[in-house]
Structure formats: structure tokens, C-alpha cells
2 protein chains.
Amino acid sequence: MASPRYPKTAVNKFGRLANRGVYDYATIHTLINTCPVLHVSFNDSKHPFPVVLPMLGCTGNFSSRDADPNTTEQDLYIHGYVSGRIFKHGKESNDEGLPITVVATFLDGLVLALAPFHNSCNYRSAIAYGYATLVTDEAEALYAMELITDNLLPDRWAKSRNPPTKAELNSTSILKVKIASASAKIREGGPSEDRADLKDKELVKNTWTGVVPYWGTWGEPVPGKENGCGEVEGYIEEWRVKETGKARAHAFEVIEK
Amino acid sequence: MASPRYPKTAVNKFGRLANRGVYDYATIHTLINTCPVLHVSFNDSKHPFPVVLPMLGCTGNFSSRDADPNTTEQDLYIHGYVSGRIFKHGKESNDEGLPITVVATFLDGLVLALAPFHNSCNYRSAIAYGYATLVTDEAEALYAMELITDNLLPDRWAKSRNPPTKAELNSTSILKVKIASASAKIREGGPSEDRADLKDKELVKNTWTGVVPYWGTWGEPVPGKENGCGEVEGYIEEWRVKETGKARAHAFEVIEK
């Protein structure tokens, strides 16, 4: 089944470098769900600058929990605190919620050309626009906490103390974002040179061109002072080695495209 | 000399977890200048959602080029395209420019506690708020292009073809942000547990707790199809090995704090 697409609207369509634009659920939801930190932006009526916070989150579908994010509509669940003042008095807030933007970015490499003007970066960046509300339903908050925990480290929810206490549940702030629009932008490949530069034999001979790949590495776990479990558990070790390997492989693969 | 601080104002002061807040130039400017991708946010009057774009940039001081960013006022120079429509008709734009927010985030590790509620991340995130204008002065645009190129890869400007052609200069869009306010937030250390969880001997015995460190790795350079320089140049190799080593060391160091 082909992955559905977010419709192109005035909000998400690209003007510049539109050929790098991607709109399908699979690409966008995967970027959001694999990016270890999201950037979340919204307005605060106290000043003219958008607020941008790093937060944890992922996509989910509370009414259809086993739905495949590649093919079904998803909401965004974000673990993070936003002042009630902003929710209630946000200048753009309406019955749908607070307008919010969520971004997931991966840098995949530095692309070096003969001239700085043609340098570039390989990257993937997904952006989702929507209306955020606070999750107040207890069952949905629990669902979202488990989802976000396991999205970061699979199985951690089951393998640590659960459920949360009543006090923990009450003091956890989960935002649910109904996605109004979304898109992604991807740059792959090697340098794209100017013809005149390529004719300059001295320049070509003296200037290394290509890609320095970049990826996030999950290193060897360091036990906490109060760890009483001995060696790091297998599922954690498997996860970090696999994730790092996938990230590394991706940074090299995209150079050949 | 102590590093000056950004004043605490309604814009940048922290409400929640205020003890994690940092305001000095050295910390904030260093985070911005070492982060390989910045997130830049501003409003588009066409819709209620802040726009967030990944861009390249760093701090600089055109009127005092050799000034130390740890101790002197800095502007932000951002390499990236923002539609003229947004500049001219931005609802918040005034004579000072377009209100813009620039964020630099590093994830340093995943902090695993006995209960998901106490999981956390080690991270560093700097945020700068200011007014952006397009750089139109040719000398300043050249200064900023060299600054941004060498901030990403030291010496690359001198070691590749420069100066840019007239056409290149005209089609490069550089934003200059006068910083109105800035701050940073930093989380270091290992897990912080609930007392009741620590008393549960079975839980402690069966649940690994600690930190999985995380850092960005610059991998082995891959030559482009048109590379005519042979082996990768030494200054590139030195830079990528040194940067990766520093990033890795930092992720482990902060665990002990």
C-alpha cells in the first residue's frame, strides 16, 4: 500500500528548492519517530519571538493503537511543559488549541565543493504544523507516556517500574498535536560543482571535494551510582548498537544517491 | 576576564527548572558556534504556525572582527533564504527587522532511571532571540560567508576557491540577527531516583540504570565523483577526528557531574 500524503497547502508547500520536498506519511512519521530530539515552536503573547524548545515525542493514534504510522493518520504526542498561560492566552489559540510547529532534523554529512558557494549539507528535516492541547484523559496520558518511552528505547516501559504513581501521572505534561499539515525536505548526494571551477586544473588538483558523513552515536552505557543490576541489559545494548549502525550506514548510503 | 551575561528579561528567563538556566556569553556563543545545525524560527503572516528551518550560522562582530566571542557582544550570521514577503510583511516586523529565534541543541545522553517518570536526557540548548535583517553590504556579506564557512570547517575558505563570483555573492542570502536576549539550558549527570523505587530490591536488581552517552560523529570522508585531489587533505582529517573526539569526551564527562 502506498503511503498517503499530506496535502500541499499554503502552510507546507515549498517555494525554493521545491524538488527536495516530500509529503508522504511514511517519510515524515519515520523522521519524527527516529529523531532523538524534536524542536517544538509556538508563540508567547508576552513577546514577538517564537519560543523553541527541545522536547521528546513521537506519533501515535490513541483510538487505533496498532495502526501503522506509515499508512494511517497520526497525532503527535510531546512530553514537555508549556505554561498554562500560553495555552489559555496564546494570541492565536482557539478551540482547536495552540498553534505549534514540530521539527525533526538529521544532519547526514558536510558536502565540500571546490568553492564555498557550492558547499552544502546532506540532511533530512520533517516539519509538522498543528494544534496542541494538553492531554487530560488519564488513559490517554498513560498511553502517550508508554509510547514516548518505548519510542526512545524499545521495551523500556515494560522493563522498568510501571505504572507511574498517581502523583507522577498528575505532574507529567503531555501535549497532543493534531497535525494540520506537514512536509519534509531531504538533501542527498555529493557536491555539485560550477563548470568553470572544474576547468581550473590547479584548483581541482589542490582542493579535496566530497562528503564528510555525520551521524549520531550511542556510546557505551555508563552505570549510575545507584545501579544494582550489574552489566547493562541486552535489550539496551542491542538497541544502541543497532541504532548507531543504522545511522552510520545511512550517512554513507545517501552520498551515493 | 569573566564572561558577560545576557540580562534576564521576560523573554529569556526560565520559569520551570530555572536552576538549569545559563546566561553567560561564553556558554551561549560557544553552543551556537559549535552546533553543526541551527534551528531558526519566525512567523509567517499567512498562517498561525511558527516556521522552523534548519540553517547554518555562527556569531560574529563585523566592526570588531577579532573580538573574542566569549567576552564581547556578538551578532548572529545565518546562511539561509527567507522569503522577502516575510521580511516586508511580517506582522511583527518593524524598523529593527523580523523577530527571529535561533536555537542550538546538543543531545549528550539518554538518562535511564528505575521508573520512566525519572528518565531524562543530558543536553545543552542555547536560544537567542533577536531582529533579523538581510545583509546587503557587500563587504559584510563576504565577511559573513567566510565566517560561516570556516566556522563549519576551519580554513576551508582559504583552501578552496575564493572570492565568490559577483553572481554567487548576489544570490547568497545572509541574515544578520541583532541579539535582543539569549539563554541556555544544560542538564548533566546520572539518573535521579525516587526513594521508594530505591527501596524496592527486586526492581533495583532487575533494572539497569545509568546513562547511554550520545554524540555526533564525523565519519571517514568519501571523495566526490569529480575529486581530483587524491587523498583527503590533512586539515579536514584533523578537524573531523578532533571534533568527534571532543564531542565523544564531552558526552562521557557530563555523566560524572
# chains A, B, ... in the order shown; residues from 1 in each chain; ligands from 1
$ closest_atom_pairs --of "chain B" --to "chain A" --cutoff "6 Å" --atoms "only C-alpha atoms" --output "tab-separated table"
residue	atom	partner	partner_atom	distance
B:Phe49	CA	A:Pro99	CA	5.3
B:Pro99	CA	A:Phe49	CA	5.3
B:Ile100	CA	A:Phe49	CA	5.7
B:Leu114	CA	A:Ser160	CA	5.6
B:Ala115	CA	A:Arg161	CA	4.7
B:Ser160	CA	A:Ala115	CA	5.5
B:Arg161	CA	A:Ala115	CA	4.7
B:Gly190	CA	A:Gly224	CA	5.6
B:Val204	CA	A:Gly228	CA	5.3
B:Lys205	CA	A:Cys229	CA	4.5
B:Asn206	CA	A:Cys229	CA	5.5
B:Thr207	CA	A:Cys229	CA	5.7
B:Trp208	CA	A:Cys229	CA	5.1
B:Thr209	CA	A:Asn227	CA	5.2
B:Gly210	CA	A:Gly224	CA	3.9
B:Val211	CA	A:Val222	CA	5.3
B:Val212	CA	A:Pro221	CA	4.3
B:Pro213	CA	A:Gly219	CA	5.1
B:Tyr214	CA	A:Trp218	CA	4.6
B:Trp215	CA	A:Thr217	CA	5.4
B:Gly216	CA	A:Gly216	CA	4.5
B:Thr217	CA	A:Trp215	CA	5.4
B:Trp218	CA	A:Tyr214	CA	4.6
B:Gly219	CA	A:Pro213	CA	5.1
B:Pro221	CA	A:Val212	CA	4.3
B:Val222	CA	A:Val211	CA	5.3
B:Pro223	CA	A:Gly210	CA	4.1
B:Gly224	CA	A:Gly210	CA	3.9
B:Asn227	CA	A:Thr209	CA	5.2
B:Gly228	CA	A:Lys205	CA	5.1
B:Cys229	CA	A:Lys205	CA	4.5
B:Val232	CA	A:Trp208	CA	5.9
$ atom_distance --atom1 "atom CA of A:Gly97" --atom2 "atom CA of A:Gly84"
11.9 Å
$ residues_around --residues "B:Leu147" --least-positions-apart "4" --cutoff "8 Å" --atoms "only C-alpha atoms" --output "list of chain:residue names"
B:Cys58, B:Gly60, B:Tyr143, B:Asn151
$ atom_distance --atom1 "atom CA of A:Ala139" --atom2 "atom CA of A:Lys178"
18.0 Å
$ atom_distance --atom1 "atom CA of B:Gly57" --atom2 "atom CA of B:Pro69"
14.1 Å
$ select_by_dssp --residues "stretch 129-222 of chain A" --states "helix (DSSP H, G or I)" --output "MDAnalysis selection string"
chainID A and resid 138:152 166:171 195:199 201:206
$ select_by_dssp --residues "stretch 2-233 of chain A" --states "strand (DSSP E or B)" --output "VMD selection string"
chain A and resid 5 21 to 22 24 38 to 42 51 to 60 75 to 79 94 97 to 112 120 to 134 174 to 187 210 to 218 222 to 223
$ residues_around --residues "A:Thr59" --least-positions-apart "3" --cutoff "9 Å" --atoms "only C-alpha atoms" --output "MDAnalysis selection string"
chainID A and resid 29:30 32:33 69 74:78 147:148
$ write_last_selection --atoms "C-alpha atoms" --output "PDB file, in the first residue's frame"
ATOM      1  CA  HIS A  29       6.370   9.992  10.523  1.00  0.00           C
ATOM      2  CA  THR A  30       9.587   7.945  10.381  1.00  0.00           C
ATOM      3  CA  ILE A  32       9.760  12.273  13.666  1.00  0.00           C
ATOM      4  CA  ASN A  33       9.816   8.859  15.342  1.00  0.00           C
ATOM      5  CA  PRO A  69       2.235   5.120  11.142  1.00  0.00           C
ATOM      6  CA  GLN A  74      -1.209  10.126  13.316  1.00  0.00           C
ATOM      7  CA  ASP A  75      -1.261  12.625  16.146  1.00  0.00           C
ATOM      8  CA  LEU A  76       1.901  13.901  17.758  1.00  0.00           C
ATOM      9  CA  TYR A  77       2.469  13.266  21.449  1.00  0.00           C
ATOM     10  CA  ILE A  78       5.091  15.523  23.014  1.00  0.00           C
ATOM     11  CA  LEU A 147       4.612   5.335  23.613  1.00  0.00           C
ATOM     12  CA  ILE A 148       7.216   8.070  24.119  1.00  0.00           C
TER      13      ILE A 148
END
$ residues_around --residues "B:Asn70" --least-positions-apart "5" --cutoff "8 Å" --atoms "only C-alpha atoms" --output "JSON, numbers by chain"
{"B": [3, 4, 25, 26, 27, 29, 30]}
$ decode --residues "stretch 207-231 of chain A" --atoms "N, CA, C and O atoms" --output "JSON list (two decimals), in the first residue's frame"
[["chain", "number", "residue", "atom", "x", "y", "z"],
["A", 207, "THR", "N", 42.26, 20.90, -4.25],
["A", 207, "THR", "CA", 41.11, 21.07, -3.36],
["A", 207, "THR", "C", 40.35, 19.75, -3.23],
["A", 207, "THR", "O", 39.71, 19.29, -4.18],
["A", 208, "TRP", "N", 40.37, 19.15, -2.06],
["A", 208, "TRP", "CA", 39.62, 17.90, -1.86],
["A", 208, "TRP", "C", 38.13, 18.20, -1.85],
["A", 208, "TRP", "O", 37.67, 19.12, -1.15],
["A", 209, "THR", "N", 37.38, 17.43, -2.62],
["A", 209, "THR", "CA", 35.92, 17.59, -2.65],
["A", 209, "THR", "C", 35.26, 16.25, -2.36],
["A", 209, "THR", "O", 35.79, 15.19, -2.73],
["A", 210, "GLY", "N", 34.14, 16.31, -1.72],
["A", 210, "GLY", "CA", 33.41, 15.09, -1.37],
["A", 210, "GLY", "C", 32.54, 15.35, -0.16],
["A", 210, "GLY", "O", 32.12, 16.49, 0.09],
["A", 211, "VAL", "N", 32.25, 14.28, 0.57],
["A", 211, "VAL", "CA", 31.32, 14.39, 1.70],
["A", 211, "VAL", "C", 31.98, 13.84, 2.96],
["A", 211, "VAL", "O", 32.58, 12.76, 2.94],
["A", 212, "VAL", "N", 31.86, 14.59, 4.05],
["A", 212, "VAL", "CA", 32.22, 14.06, 5.36],
["A", 212, "VAL", "C", 30.91, 13.62, 6.01],
["A", 212, "VAL", "O", 30.09, 14.47, 6.39],
["A", 213, "PRO", "N", 30.68, 12.29, 6.11],
["A", 213, "PRO", "CA", 29.40, 11.82, 6.67],
["A", 213, "PRO", "C", 29.29, 12.12, 8.16],
["A", 213, "PRO", "O", 30.30, 12.24, 8.86],
["A", 214, "TYR", "N", 28.07, 12.27, 8.63],
["A", 214, "TYR", "CA", 27.81, 12.65, 10.04],
["A", 214, "TYR", "C", 26.63, 11.85, 10.55],
["A", 214, "TYR", "O", 25.62, 11.69, 9.87],
["A", 215, "TRP", "N", 26.75, 11.34, 11.77],
["A", 215, "TRP", "CA", 25.63, 10.61, 12.37],
["A", 215, "TRP", "C", 25.73, 10.66, 13.89],
["A", 215, "TRP", "O", 26.80, 10.96, 14.43],
["A", 216, "GLY", "N", 24.64, 10.35, 14.53],
["A", 216, "GLY", "CA", 24.61, 10.31, 15.99],
["A", 216, "GLY", "C", 25.03, 8.93, 16.49],
["A", 216, "GLY", "O", 24.52, 7.92, 16.01],
["A", 217, "THR", "N", 25.95, 8.91, 17.44],
["A", 217, "THR", "CA", 26.44, 7.66, 18.01],
["A", 217, "THR", "C", 25.93, 7.49, 19.44],
["A", 217, "THR", "O", 26.04, 8.42, 20.25],
["A", 218, "TRP", "N", 25.34, 6.34, 19.73],
["A", 218, "TRP", "CA", 25.01, 5.98, 21.12],
["A", 218, "TRP", "C", 26.18, 5.18, 21.65],
["A", 218, "TRP", "O", 26.45, 4.07, 21.18],
["A", 219, "GLY", "N", 26.90, 5.75, 22.62],
["A", 219, "GLY", "CA", 28.13, 5.12, 23.11],
["A", 219, "GLY", "C", 27.90, 4.09, 24.19],
["A", 219, "GLY", "O", 26.75, 3.75, 24.53],
["A", 220, "GLU", "N", 29.00, 3.60, 24.72],
["A", 220, "GLU", "CA", 28.93, 2.53, 25.72],
["A", 220, "GLU", "C", 28.25, 3.05, 27.00],
["A", 220, "GLU", "O", 28.67, 4.04, 27.58],
["A", 221, "PRO", "N", 27.20, 2.37, 27.46],
["A", 221, "PRO", "CA", 26.45, 2.84, 28.63],
["A", 221, "PRO", "C", 27.31, 2.91, 29.89],
["A", 221, "PRO", "O", 28.17, 2.06, 30.11],
["A", 222, "VAL", "N", 27.06, 3.94, 30.69],
["A", 222, "VAL", "CA", 27.79, 4.15, 31.95],
["A", 222, "VAL", "C", 26.79, 3.96, 33.10],
["A", 222, "VAL", "O", 25.80, 4.70, 33.19],
["A", 223, "PRO", "N", 27.02, 2.98, 33.98],
["A", 223, "PRO", "CA", 26.05, 2.73, 35.06],
["A", 223, "PRO", "C", 25.95, 3.91, 36.02],
["A", 223, "PRO", "O", 26.95, 4.59, 36.30],
["A", 224, "GLY", "N", 24.76, 4.17, 36.53],
["A", 224, "GLY", "CA", 24.56, 5.21, 37.53],
["A", 224, "GLY", "C", 25.09, 4.77, 38.88],
["A", 224, "GLY", "O", 25.36, 3.59, 39.10],
["A", 225, "LYS", "N", 25.23, 5.74, 39.80],
["A", 225, "LYS", "CA", 25.78, 5.44, 41.13],
["A", 225, "LYS", "C", 24.93, 4.43, 41.88],
["A", 225, "LYS", "O", 25.41, 3.71, 42.73],
["A", 226, "GLU", "N", 23.64, 4.41, 41.58],
["A", 226, "GLU", "CA", 22.75, 3.53, 42.32],
["A", 226, "GLU", "C", 22.32, 2.30, 41.52],
["A", 226, "GLU", "O", 21.41, 1.58, 41.93],
["A", 227, "ASN", "N", 22.99, 2.08, 40.39],
["A", 227, "ASN", "CA", 22.65, 0.89, 39.60],
["A", 227, "ASN", "C", 22.95, -0.37, 40.40],
["A", 227, "ASN", "O", 24.04, -0.53, 40.93],
["A", 228, "GLY", "N", 21.97, -1.28, 40.46],
["A", 228, "GLY", "CA", 22.16, -2.50, 41.23],
["A", 228, "GLY", "C", 21.97, -3.73, 40.35],
["A", 228, "GLY", "O", 21.76, -4.83, 40.84],
["A", 229, "CYS", "N", 22.01, -3.51, 39.05],
["A", 229, "CYS", "CA", 21.65, -4.56, 38.08],
["A", 229, "CYS", "C", 22.89, -5.18, 37.42],
["A", 229, "CYS", "O", 22.79, -6.10, 36.63],
["A", 230, "GLY", "N", 24.08, -4.65, 37.79],
["A", 230, "GLY", "CA", 25.29, -5.20, 37.17],
["A", 230, "GLY", "C", 25.42, -4.77, 35.73],
["A", 230, "GLY", "O", 25.17, -3.61, 35.40],
["A", 231, "GLU", "N", 25.79, -5.70, 34.88],
["A", 231, "GLU", "CA", 26.02, -5.44, 33.45],
["A", 231, "GLU", "C", 24.79, -4.80, 32.80],
["A", 231, "GLU", "O", 23.65, -5.10, 33.19]]
